[in-house]
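model20.cif (mmCIF, C-alpha atoms)
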data_model
loop_
_atom_site.label_atom_id
_atom_site.label_comp_id
_atom_site.auth_asym_id
_atom_site.auth_seq_id
_atom_site.Cartn_x
_atom_site.Cartn_y
_atom_site.Cartn_z
CA MET A 1 28.37 -45.79 4.38
CA ARG A 2 25.27 -44.17 2.84
CA LYS A 3 22.93 -45.83 5.35
CA ASN A 4 24.79 -44.26 8.28
CA ILE A 5 23.29 -41.17 9.87
CA ILE A 6 25.29 -38.13 8.80
CA GLY A 7 24.70 -34.71 10.39
CA VAL A 8 25.83 -31.67 8.55
CA LEU A 9 25.51 -28.19 9.96
CA THR A 10 25.71 -25.43 7.39
CA SER A 11 25.41 -21.75 8.28
CA LEU A 12 23.54 -19.73 5.64
CA SER A 13 22.92 -16.11 6.53
CA SER A 14 21.26 -16.08 9.95
CA ILE A 15 19.74 -19.53 9.38
CA ALA A 16 21.41 -22.83 10.19
CA PHE A 17 20.39 -25.98 8.36
CA ILE A 18 20.87 -29.49 9.73
CA VAL A 19 20.63 -32.08 6.98
CA ILE A 20 20.26 -35.71 7.98
CA VAL A 21 20.44 -38.39 5.32
CA ILE A 22 18.99 -41.84 6.04
CA GLY A 23 19.11 -44.05 3.02
CA SER A 24 17.40 -42.05 0.27
CA TYR A 25 15.46 -39.81 2.67
CA VAL A 26 16.52 -36.26 3.48
CA ILE A 27 15.27 -34.65 6.70
CA VAL A 28 15.87 -30.94 7.16
CA ALA A 29 15.78 -29.41 10.64
CA GLN A 30 16.02 -25.63 10.76
CA THR A 31 17.12 -23.54 13.72
CA PRO A 32 14.97 -20.54 14.65
CA ILE A 33 15.54 -17.04 13.28
CA THR A 34 17.03 -14.60 15.77
CA GLY A 35 17.35 -10.84 15.83
CA THR A 36 16.62 -7.72 17.84
CA TRP A 37 13.46 -5.77 18.65
CA THR A 38 12.65 -2.21 19.72
CA SER A 39 9.36 -0.80 20.94
CA GLU A 40 7.41 2.21 22.07
CA MET A 41 3.85 2.91 23.14
CA ARG A 42 1.49 4.33 20.51
CA THR A 43 -0.68 7.23 21.60
CA GLY A 44 -1.95 8.18 18.15
CA GLU A 45 -0.85 11.80 18.66
CA SER A 46 1.84 11.59 15.99
CA ARG A 47 -0.60 10.54 13.26
CA LYS A 48 -2.27 13.18 11.09
CA ASN A 49 -5.24 11.10 10.07
CA LYS A 50 -7.95 10.96 12.75
CA GLU A 51 -8.85 7.38 11.85
CA GLU A 52 -5.19 6.35 12.18
CA LYS A 53 -4.96 8.11 15.55
CA ALA A 54 -7.99 6.25 16.86
CA ASP A 55 -6.65 2.95 15.51
CA ASP A 56 -3.19 3.41 17.05
CA ALA A 57 -4.26 4.75 20.44
CA GLY A 58 -3.38 2.30 23.20
CA LYS A 59 -1.31 0.02 20.98
CA ILE A 60 2.36 -0.78 21.20
CA GLN A 61 4.76 -0.43 18.27
CA LEU A 62 7.16 -3.32 17.77
CA ASN A 63 10.03 -3.27 15.27
CA PHE A 64 11.95 -6.45 14.45
CA GLU A 65 15.36 -6.46 12.77
CA ARG A 66 17.62 -9.28 11.60
CA LEU A 67 20.68 -9.72 9.41
CA THR A 68 20.23 -10.82 5.80
CA ALA A 69 22.39 -13.17 3.74
CA ASN A 70 24.43 -10.34 2.22
CA GLY A 71 25.09 -8.67 5.56
CA GLY A 72 22.27 -6.15 5.26
CA HIS A 73 19.36 -5.58 7.61
CA ASN A 74 15.78 -6.76 7.28
CA GLN A 75 13.30 -4.67 9.26
CA ASN A 76 9.60 -5.17 9.99
CA GLY A 77 7.45 -2.94 12.15
CA SER A 78 3.81 -2.80 13.17
CA SER A 79 1.56 -1.85 16.05
CA TYR A 80 -0.06 -4.56 18.17
CA LEU A 81 -2.78 -4.79 20.79
CA PHE A 82 -1.52 -5.88 24.18
CA GLU A 83 -3.99 -8.74 23.99
CA GLU A 84 -1.91 -10.14 21.11
CA LEU A 85 1.28 -10.25 23.20
CA GLN A 86 1.34 -13.03 25.76
CA GLY A 87 3.17 -11.98 28.92
CA LEU A 88 3.24 -8.21 28.32
CA THR A 89 0.95 -5.65 29.94
CA ARG A 90 0.77 -1.86 29.68
CA ASP A 91 2.43 -1.51 33.07
CA GLN A 92 5.26 -3.87 32.13
CA ALA A 93 5.83 -1.86 28.94
CA GLN A 94 6.89 1.11 31.04
CA ASN A 95 9.88 -0.09 33.05
CA GLY A 96 11.66 -3.35 33.85
CA ARG A 97 12.69 -6.67 32.37
CA VAL A 98 10.15 -8.38 30.10
CA SER A 99 9.58 -11.72 28.46
CA PHE A 100 6.64 -12.04 26.06
CA ARG A 101 5.45 -13.92 22.99
CA LEU A 102 3.59 -13.16 19.77
CA VAL A 103 1.83 -16.40 18.87
CA ARG A 104 0.58 -16.68 15.32
CA GLU A 105 -0.60 -19.51 13.12
CA ALA A 106 2.61 -19.20 11.09
CA GLY A 107 4.87 -19.45 14.14
CA THR A 108 5.85 -17.94 17.48
CA ILE A 109 8.12 -14.98 18.23
CA GLU A 110 9.72 -15.13 21.70
CA CYS A 111 10.99 -11.76 22.99
CA GLU A 112 13.32 -10.89 25.88
CA GLY A 113 14.44 -7.41 26.86
CA THR A 114 13.94 -4.27 28.91
CA PHE A 115 11.63 -1.25 28.97
CA VAL A 116 12.69 2.18 30.22
CA ASN A 117 10.09 4.96 30.33
CA GLY A 118 7.87 3.26 27.75
CA LYS A 119 10.62 2.42 25.28
CA GLY A 120 11.88 -1.13 24.98
CA SER A 121 14.55 -3.18 23.27
CA GLY A 122 15.91 -6.71 23.32
CA THR A 123 16.31 -9.89 21.34
CA PHE A 124 13.82 -12.23 19.70
CA THR A 125 13.71 -15.82 18.50
CA PHE A 126 11.23 -17.01 15.89
CA THR A 127 10.19 -20.63 15.43
CA GLY A 128 8.10 -21.28 12.35
CA ASN A 129 5.12 -23.62 12.16
CA ARG A 130 5.78 -26.09 9.34
CA SER A 131 2.25 -27.47 9.65
CA PHE A 132 0.96 -24.03 8.68
CA ALA A 133 3.14 -24.08 5.56
CA GLU A 134 1.83 -27.52 4.66
CA GLY A 135 -1.76 -26.37 5.16
CA MET A 136 -1.15 -23.36 2.93
CA LYS A 137 0.41 -25.53 0.23
CA ALA A 138 -2.69 -27.74 0.25
CA ARG A 139 -4.69 -24.57 -0.46
CA GLY A 140 -2.48 -23.66 -3.41
CA PHE A 141 -0.14 -21.25 -1.60
CA ASP A 142 3.37 -22.67 -1.60
CA PHE A 143 5.57 -20.94 0.99
CA ASN A 144 8.65 -22.90 -0.07
CA PRO A 145 11.16 -20.76 -1.97
CA THR A 146 13.03 -21.69 -5.12
CA GLU A 147 16.17 -23.53 -4.02
CA ARG A 148 19.46 -24.68 -5.49
CA ARG A 149 20.72 -28.10 -4.53
CA THR A 150 24.32 -29.36 -4.62
CA ASP A 151 25.59 -32.82 -3.88
CA ASN A 152 28.28 -33.13 -1.22
CA VAL A 153 31.23 -35.49 -1.81
CA VAL A 154 29.91 -37.75 0.94
CA GLY A 155 26.53 -37.98 -0.73
CA VAL A 156 24.81 -35.54 1.61
CA GLN A 157 22.37 -33.19 -0.07
CA VAL A 158 22.79 -29.63 1.24
CA ARG A 159 20.15 -27.01 0.60
CA GLU A 160 21.57 -23.63 -0.29
CA LYS A 161 19.69 -20.39 0.05
CA GLY A 162 18.58 -19.24 -3.39
CA SER A 163 17.77 -15.77 -4.62
CA ARG A 164 14.45 -15.75 -2.80
CA GLU A 165 13.82 -15.69 0.94
CA SER A 166 13.77 -18.99 2.81
CA LEU A 167 10.69 -20.78 4.10
CA GLU A 168 11.52 -19.64 7.63
CA ASP A 169 11.77 -16.02 6.43
CA ARG A 170 8.37 -16.28 4.80
CA LEU A 171 6.86 -17.81 7.91
CA LEU A 172 8.24 -14.95 10.00
CA SER A 173 6.76 -12.40 7.62
CA ALA A 174 3.44 -14.23 7.74
CA ALA A 175 3.53 -14.24 11.54
CA LEU A 176 4.30 -10.53 11.78
CA ILE A 177 1.33 -9.49 9.63
CA ASN A 178 -0.88 -12.38 10.78
CA VAL A 179 -1.45 -14.29 7.55
CA THR A 180 -3.81 -17.16 8.36
CA THR A 181 -5.36 -20.18 6.67
CA ALA A 182 -8.74 -18.54 7.34
CA LEU A 183 -7.65 -15.55 5.23
CA ALA A 184 -6.51 -17.89 2.45
CA ASP A 185 -9.86 -19.71 2.49
CA ASP A 186 -11.74 -16.41 2.52
CA LEU A 187 -9.88 -14.99 -0.49
CA LYS A 188 -10.27 -18.19 -2.52
CA SER A 189 -14.02 -18.27 -1.86
CA VAL A 190 -14.65 -15.34 -4.23
CA GLY A 191 -13.22 -16.88 -7.38
CA PHE A 192 -11.08 -13.80 -7.95
CA GLY A 193 -8.53 -15.69 -9.98
CA GLU A 194 -5.12 -17.16 -9.30
CA LEU A 195 -3.52 -15.80 -6.12
CA ASN A 196 -0.03 -16.38 -4.75
CA VAL A 197 1.72 -16.01 -1.41
CA ASP A 198 2.62 -12.38 -2.08
CA ASP A 199 -1.09 -11.67 -2.68
CA LEU A 200 -1.86 -13.19 0.72
CA PHE A 201 0.64 -10.85 2.37
CA LYS A 202 -0.83 -7.82 0.58
CA ALA A 203 -4.33 -8.82 1.58
CA ALA A 204 -3.31 -9.13 5.23
CA ILE A 205 -1.46 -5.79 5.28
CA PHE A 206 -4.14 -3.77 3.49
CA LYS A 207 -7.18 -5.57 4.92
CA VAL A 208 -8.46 -6.98 1.63
CA ASP A 209 -11.08 -9.67 2.22
CA SER A 210 -13.62 -11.58 0.14
CA LYS A 211 -16.36 -9.00 0.79
CA PHE A 212 -14.22 -6.14 -0.54
CA MET A 213 -13.07 -8.24 -3.50
CA ALA A 214 -16.63 -9.14 -4.47
CA GLU A 215 -17.85 -5.56 -4.11
CA MET A 216 -15.08 -4.20 -6.33
CA GLN A 217 -15.65 -6.93 -8.91
CA ALA A 218 -19.33 -5.96 -9.02
CA THR A 219 -18.43 -2.37 -10.02
CA GLY A 220 -17.63 -3.62 -13.51
CA PHE A 221 -13.88 -3.17 -13.72
CA PRO A 222 -12.44 -5.94 -15.90
CA ASN A 223 -9.41 -7.97 -14.91
CA LEU A 224 -8.88 -6.48 -11.47
CA ARG A 225 -5.69 -7.69 -9.78
CA MET A 226 -4.62 -7.75 -6.16
CA GLU A 227 -2.43 -4.70 -6.90
CA ASP A 228 -5.58 -2.82 -7.92
CA LEU A 229 -7.35 -3.79 -4.70
CA VAL A 230 -4.33 -2.62 -2.70
CA LYS A 231 -4.44 0.74 -4.49
CA ALA A 232 -8.14 0.93 -3.76
CA ARG A 233 -7.47 0.47 -0.05
CA ILE A 234 -4.59 2.97 -0.02
CA PHE A 235 -6.58 5.65 -1.85
CA LYS A 236 -9.89 4.91 -0.12
CA ILE A 237 -11.73 3.72 -3.22
CA ASP A 238 -14.72 1.52 -2.47
CA ALA A 239 -17.73 0.31 -4.41
CA ASP A 240 -19.86 3.22 -3.16
CA PHE A 241 -17.34 5.75 -4.50
CA VAL A 242 -17.27 4.01 -7.89
CA ARG A 243 -21.08 4.00 -8.11
CA LYS A 244 -21.40 7.68 -7.24
CA VAL A 245 -18.81 8.65 -9.85
CA SER A 246 -20.58 6.55 -12.48
CA ASP A 247 -23.99 7.98 -11.54
CA MET A 248 -22.61 11.46 -12.20
CA GLY A 249 -21.69 10.40 -15.72
CA PHE A 250 -17.96 10.52 -15.16
CA GLY A 251 -17.30 6.82 -14.80
CA THR A 252 -14.30 5.08 -16.33
CA LYS A 253 -13.26 1.53 -17.14
CA ASP A 254 -9.62 2.45 -16.54
CA PHE A 255 -8.90 1.71 -12.89
CA GLU A 256 -5.81 3.94 -12.94
CA GLN A 257 -8.03 6.89 -13.82
CA LEU A 258 -10.13 6.12 -10.77
CA VAL A 259 -6.97 6.13 -8.67
CA LYS A 260 -6.16 9.57 -10.09
CA TYR A 261 -9.65 10.70 -9.08
CA SER A 262 -8.82 9.81 -5.52
CA ILE A 263 -5.29 11.25 -5.56
CA PHE A 264 -6.50 14.62 -6.86
CA LYS A 265 -9.64 14.64 -4.70
CA VAL A 266 -12.18 14.34 -7.48
CA THR A 267 -15.21 13.78 -5.26
CA PRO A 268 -18.82 13.09 -6.25
CA GLU A 269 -19.61 16.57 -4.89
CA TYR A 270 -17.06 18.18 -7.21
CA LEU A 271 -18.45 16.24 -10.17
CA SER A 272 -21.94 17.40 -9.30
CA GLU A 273 -20.74 21.02 -9.33
CA LEU A 274 -19.12 20.51 -12.74
CA LYS A 275 -22.39 19.21 -14.13
CA ALA A 276 -24.28 22.17 -12.68
CA ALA A 277 -21.80 24.47 -14.46
CA GLY A 278 -22.58 22.75 -17.75
CA PHE A 279 -19.54 20.50 -18.00
CA ASP A 280 -21.19 17.09 -18.08
CA ASN A 281 -19.31 15.57 -21.04
CA LEU A 282 -15.78 15.68 -19.70
CA SER A 283 -13.46 12.71 -20.02
CA ALA A 284 -11.79 11.27 -16.95
CA GLU A 285 -8.53 12.92 -18.05
CA ASP A 286 -10.25 16.30 -18.36
CA VAL A 287 -11.74 16.00 -14.88
CA VAL A 288 -8.33 15.20 -13.40
CA LYS A 289 -6.79 18.07 -15.35
CA PHE A 290 -9.41 20.45 -13.91
CA ARG A 291 -8.48 19.34 -10.41
CA ILE A 292 -4.72 19.64 -11.02
CA PHE A 293 -5.10 23.23 -12.25
CA LYS A 294 -7.68 24.08 -9.58
CA VAL A 295 -10.54 24.75 -11.94
CA THR A 296 -13.46 25.50 -9.65
CA PRO A 297 -17.19 25.64 -10.40
CA GLU A 298 -16.98 29.31 -9.45
CA LEU A 299 -14.45 29.93 -12.24
CA LEU A 300 -16.69 28.16 -14.75
CA THR A 301 -19.71 30.22 -13.68
CA ASN A 302 -17.74 33.46 -13.94
CA LEU A 303 -16.45 32.57 -17.40
CA LYS A 304 -20.03 32.04 -18.59
CA ALA A 305 -21.05 35.36 -17.06
CA ASP A 306 -18.18 37.01 -18.96
CA GLY A 307 -19.46 35.60 -22.24
CA PHE A 308 -17.19 32.57 -22.57
CA THR A 309 -19.56 29.74 -23.31
CA ASN A 310 -18.96 26.39 -24.98
CA LEU A 311 -15.32 26.37 -23.87
CA SER A 312 -13.24 23.24 -24.30
CA SER A 313 -11.47 21.79 -21.28
CA GLU A 314 -8.14 22.93 -22.76
CA GLU A 315 -9.38 26.50 -23.02
CA VAL A 316 -10.65 26.50 -19.45
CA VAL A 317 -7.31 25.26 -18.17
CA LYS A 318 -5.51 28.11 -19.96
CA PHE A 319 -7.28 30.61 -17.72
CA ARG A 320 -5.54 28.94 -14.77
CA ILE A 321 -2.16 28.34 -16.42
CA PHE A 322 -1.81 31.99 -17.49
CA ASN A 323 -3.53 33.43 -14.42
CA ILE A 324 -6.20 35.21 -16.43
CA ASP A 325 -8.59 36.63 -13.83
CA ARG A 326 -11.89 38.50 -14.18
CA GLU A 327 -10.28 41.91 -13.95
CA PHE A 328 -7.95 41.11 -16.85
CA ILE A 329 -10.85 39.70 -18.89
CA GLN A 330 -13.02 42.77 -18.34
CA LYS A 331 -10.23 45.16 -19.38
CA ALA A 332 -9.60 43.10 -22.52
CA LYS A 333 -13.32 42.99 -23.42
CA SER A 334 -13.67 46.74 -22.93
CA ALA A 335 -11.12 47.14 -25.75
CA ASN A 336 -12.42 44.23 -27.83
CA PRO A 337 -15.82 42.73 -26.97
CA ASN A 338 -15.05 39.76 -29.23
CA VAL A 339 -11.74 38.88 -27.58
CA THR A 340 -10.99 35.15 -27.68
CA VAL A 341 -9.20 32.86 -25.27
CA GLU A 342 -6.15 32.84 -27.52
CA ASP A 343 -6.22 36.64 -27.62
CA LEU A 344 -6.24 36.73 -23.83
CA VAL A 345 -3.32 34.33 -23.64
CA ARG A 346 -1.24 36.39 -26.08
CA MET A 347 -2.11 39.57 -24.22
CA LYS A 348 -1.16 38.00 -20.91
CA ILE A 349 2.19 36.83 -22.27
CA GLY A 350 2.74 40.26 -23.75
CA VAL A 351 2.01 41.91 -20.40
CA HIS A 352 4.60 39.70 -18.71
CA ARG A 353 7.13 40.47 -21.42
CA SER A 354 6.60 44.20 -21.17
CA LYS A 355 7.15 44.02 -17.42
CA ASP A 356 10.35 42.05 -17.92
CA ASP A 357 11.56 44.50 -20.55
CA THR A 358 11.16 47.44 -18.20
CA ASN A 359 13.50 45.82 -15.66
#
Write the structure described by the file as structure tokens, please.
Amino acid sequence: MRKNIIGVLTSLSSIAFIVIVIGSYVIVAQTPITGTWTSEMRTGESRKNKEEKADDAGKIQLNFERLTANGGHNQNGSSYLFEELQGLTRDQAQNGRVSFRLVREAGTIECEGTFVNGKGSGTFTFTGNRSFAEGMKARGFDFNPTERRTDNVVGVQVREKGSRESLEDRLLSAALINVTTALADDLKSVGFGELNVDDLFKAAIFKVDSKFMAEMQATGFPNLRMEDLVKARIFKIDADFVRKVSDMGFGTKDFEQLVKYSIFKVTPEYLSELKAAGFDNLSAEDVVKFRIFKVTPELLTNLKADGFTNLSSEEVVKFRIFNIDREFIQKAKSANPNVTVEDLVRMKIGVHRSKDDTN
């Protein structure tokens, strides 16, 4: 009968679902996620960046792995302060059996295992906090995935795992990177625009908060997205950098151009040197091109001294592409004082050809 209590246990990937039907109500109880963990102490010595070394020193690296629905492996790794791990001390993370917990707002990860000479391994169990998910949904961040539903012959509704990760998977991810309701409230306070759960995760990973969002918005870039803020964090672009670039007269409304500035190390100091050399009307593309081909202020000064004034950015770059140095220029000018950039290029190509022909 439909009013009887019917328990159905269905195994989907590593997650088991218990569906209980009472009348027209469906109650879903979900077993915890399980998997394995490995660990090692972080000394910071393996990191090239000094800031990263200082940040990692004294932390412990934890890597969590679990099976996915298609038989693959899902891995997450991060470094944690010992204060974040209940039941684990530095001494315990050297040798012996351990039992510790990572307690987050999104849920709790229980770990069991062994350490030998600072390296550990074992198993973990994660239990998600459904109240956290409900709180996030009330804030406009729905952690529930898209699901398919099929009706069993006995009238029991079974939830199948869809193409997206399950609620429990999302809660585990949120726990590992410490997504909190406080972070959600902070991000929404800026009025940045519509944000989703993935944006929350990005903000937690790359340390994007309301202060950074507001500062970047104030730089004048239109329609900034969370992806842009993530790039800004990765490439160390902040509001001060944007202002200095703009003050030099090399500002841009194309955020991707600003990213290129950072990638190719276009610094405010370099821009100042370009201006001093007389190149103060370059486009953002020209500036990046100068950096790619290693056009230095010294080269620009030497070209002026050799009589090459009012050069276009394309002409300057040719000196680098064809390796036209001062010695070559002076020899060419001794034969023809009015030699042009194009003449130099043809002569350089001809020199290379003559060398090849003699081989």
Glu84 in chain A proximity check over A:Asn302, A:Thr108, A:Thr34, A:Ser121, using all atoms listed in the file: winner is A:Thr108
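Across the model, the gap from CA of Thr36 in chain A to CA of Gly72 in chain A is 13.9 Å.
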**Study point:** Selection near Leu176 in chain A, 9 Å with all atoms listed in the file, sequence-local residues under 5 positions removed, as a PyMOL selection string
**Key:** chain A and resi 76-78+102+104+106+109+171
Note to self: Given the PyMOL selection byres ((chain A and resi 97) around 8) and the file above, list the residues it selects as a VMD selection string.
What the structure shows: chain A and resid 92 95 to 96 98 to 99 112 to 115
Could you state which residues are captured by the PyMOL selection byres ((chain A and resi 271-285) around 12) in this file, as a VMD selection string? chain A and resid 241 244 to 262 264 to 270 286 to 292 295 to 305 309 to 314 316
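This file, filtered with the PyMOL selection byres ((chain A and resi 63) around 8), gives the residues Trp37, Thr38, Ser39, Gln61, Leu62, Phe64, Glu65, Gln75, Asn76, Gly77 and Ser78 of chain A.
As for CA of Val242 in chain A and CA of Thr219 in chain A, they are spaced 6.8 Å apart.
Residue nearest Phe212 in chain A, chosen from A:Ile263, A:Ala239, A:Leu195, A:Leu200 and counting all atoms listed in the file: A:Ala239.
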Pairwise distance, CA of Lys207 in chain A with CA of Arg233 in chain A, equals 7.8 Å
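The protein and nucleic acid residues lying at most 7 Å from range 131-137 of chain A are Glu105, Ala106, Phe141, Asp142, Phe143 and Thr181 of chain A, with only C-alpha atoms considered and sequence neighbours fewer than 4 positions away removed.
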**OP:** Show which residues sit within 12 Å of Leu183 in chain A, as a PyMOL selection string. Count all atoms listed in the file, and ignore same-chain residues fewer than 4 positions away.
**Re:** chain A and resi 105+136+139+141+174+177-179+187-190+197+199-205+207-211
- Message: Is it possible to get the residues within 8 Å of (-6.5, -14.2, -8.6) (coordinates as in the file, counting all atoms listed in the file) written as a list in words?
- Response: Gly191, Phe192, Gly193, Glu194, Leu195, Asn196, Arg225 and Met226 of chain A
Restricting the output to C-alpha atoms, write the selected residues as a PDB file, in the coordinates of the input.
ATOM      1  CA  GLY A 191     -13.220 -16.880  -7.380  1.00  0.00           C
ATOM      2  CA  PHE A 192     -11.080 -13.800  -7.950  1.00  0.00           C
ATOM      3  CA  GLY A 193      -8.530 -15.690  -9.980  1.00  0.00           C
ATOM      4  CA  GLU A 194      -5.120 -17.160  -9.300  1.00  0.00           C
ATOM      5  CA  LEU A 195      -3.520 -15.800  -6.120  1.00  0.00           C
ATOM      6  CA  ASN A 196      -0.030 -16.380  -4.750  1.00  0.00           C
ATOM      7  CA  ARG A 225      -5.690  -7.690  -9.780  1.00  0.00           C
ATOM      8  CA  MET A 226      -4.620  -7.750  -6.160  1.00  0.00           C
TER       9      MET A 226
END
#### Entry: Selection: 6 Å around Gln94 in chain A, all atoms listed in the file, excl. self and same-chain fewer than 4 positions, as a PyMOL selection string
chain A and resi 115-118
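Across A:Ile60, A:Cys111, A:Ile324, A:Val339, the tightest approach to Gly87 in chain A is made by A:Cys111 when counting only C-alpha atoms.
In this comparison, which uses only C-alpha atoms, the residue of A:Met213, A:Gly71, A:Glu168, A:Asp306 approaching Lys331 in chain A most closely is A:Asp306.
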Would you mind exporting range 91-109 of chain A with N, CA and C atoms, as a CSV table (one decimal), in the first residue's frame?
chain,number,residue,atom,x,y,z
A,91,ASP,N,53.5,16.9,16.1
A,91,ASP,CA,54.2,15.7,16.5
A,91,ASP,C,53.5,14.4,16.0
A,92,GLN,N,52.2,14.4,16.1
A,92,GLN,CA,51.4,13.3,15.6
A,92,GLN,C,51.5,13.1,14.1
A,93,ALA,N,51.8,14.2,13.4
A,93,ALA,CA,52.0,14.1,11.9
A,93,ALA,C,53.4,13.6,11.5
A,94,GLN,N,54.1,13.0,12.4
A,94,GLN,CA,55.4,12.5,12.1
A,94,GLN,C,55.3,11.0,12.1
A,95,ASN,N,54.9,10.3,13.2
A,95,ASN,CA,54.8,8.9,13.2
A,95,ASN,C,53.6,8.4,14.1
A,96,GLY,N,52.9,7.4,13.7
A,96,GLY,CA,51.9,6.7,14.5
A,96,GLY,C,50.5,6.8,13.9
A,97,ARG,N,49.6,6.2,14.6
A,97,ARG,CA,48.2,6.2,14.1
A,97,ARG,C,47.6,7.5,14.5
A,98,VAL,N,46.6,8.0,13.6
A,98,VAL,CA,46.0,9.3,13.8
A,98,VAL,C,44.5,9.2,13.6
A,99,SER,N,43.8,10.1,14.2
A,99,SER,CA,42.3,10.2,14.0
A,99,SER,C,42.0,11.7,14.2
A,100,PHE,N,41.6,12.4,13.1
A,100,PHE,CA,41.4,13.8,13.2
A,100,PHE,C,40.3,14.2,12.3
A,101,ARG,N,39.8,15.5,12.5
A,101,ARG,CA,38.6,16.0,11.8
A,101,ARG,C,38.9,17.4,11.2
A,102,LEU,N,38.3,17.6,10.0
A,102,LEU,CA,38.3,19.0,9.4
A,102,LEU,C,36.8,19.4,9.5
A,103,VAL,N,36.5,20.3,10.4
A,103,VAL,CA,35.1,20.7,10.6
A,103,VAL,C,34.9,22.1,9.9
A,104,ARG,N,34.0,22.0,8.9
A,104,ARG,CA,33.7,23.2,8.2
A,104,ARG,C,32.2,23.5,8.3
A,105,GLU,N,31.8,24.7,7.9
A,105,GLU,CA,30.3,25.0,7.9
A,105,GLU,C,29.6,24.1,6.9
A,106,ALA,N,30.2,23.6,5.8
A,106,ALA,CA,29.5,22.8,4.8
A,106,ALA,C,29.5,21.3,5.2
A,107,GLY,N,30.2,20.9,6.2
A,107,GLY,CA,30.2,19.6,6.7
A,107,GLY,C,31.5,19.2,7.4
A,108,THR,N,31.6,17.9,7.8
A,108,THR,CA,32.8,17.5,8.5
A,108,THR,C,33.5,16.3,7.8
A,109,ILE,N,34.8,16.3,7.7
A,109,ILE,CA,35.6,15.3,7.2
A,109,ILE,C,36.3,14.5,8.3
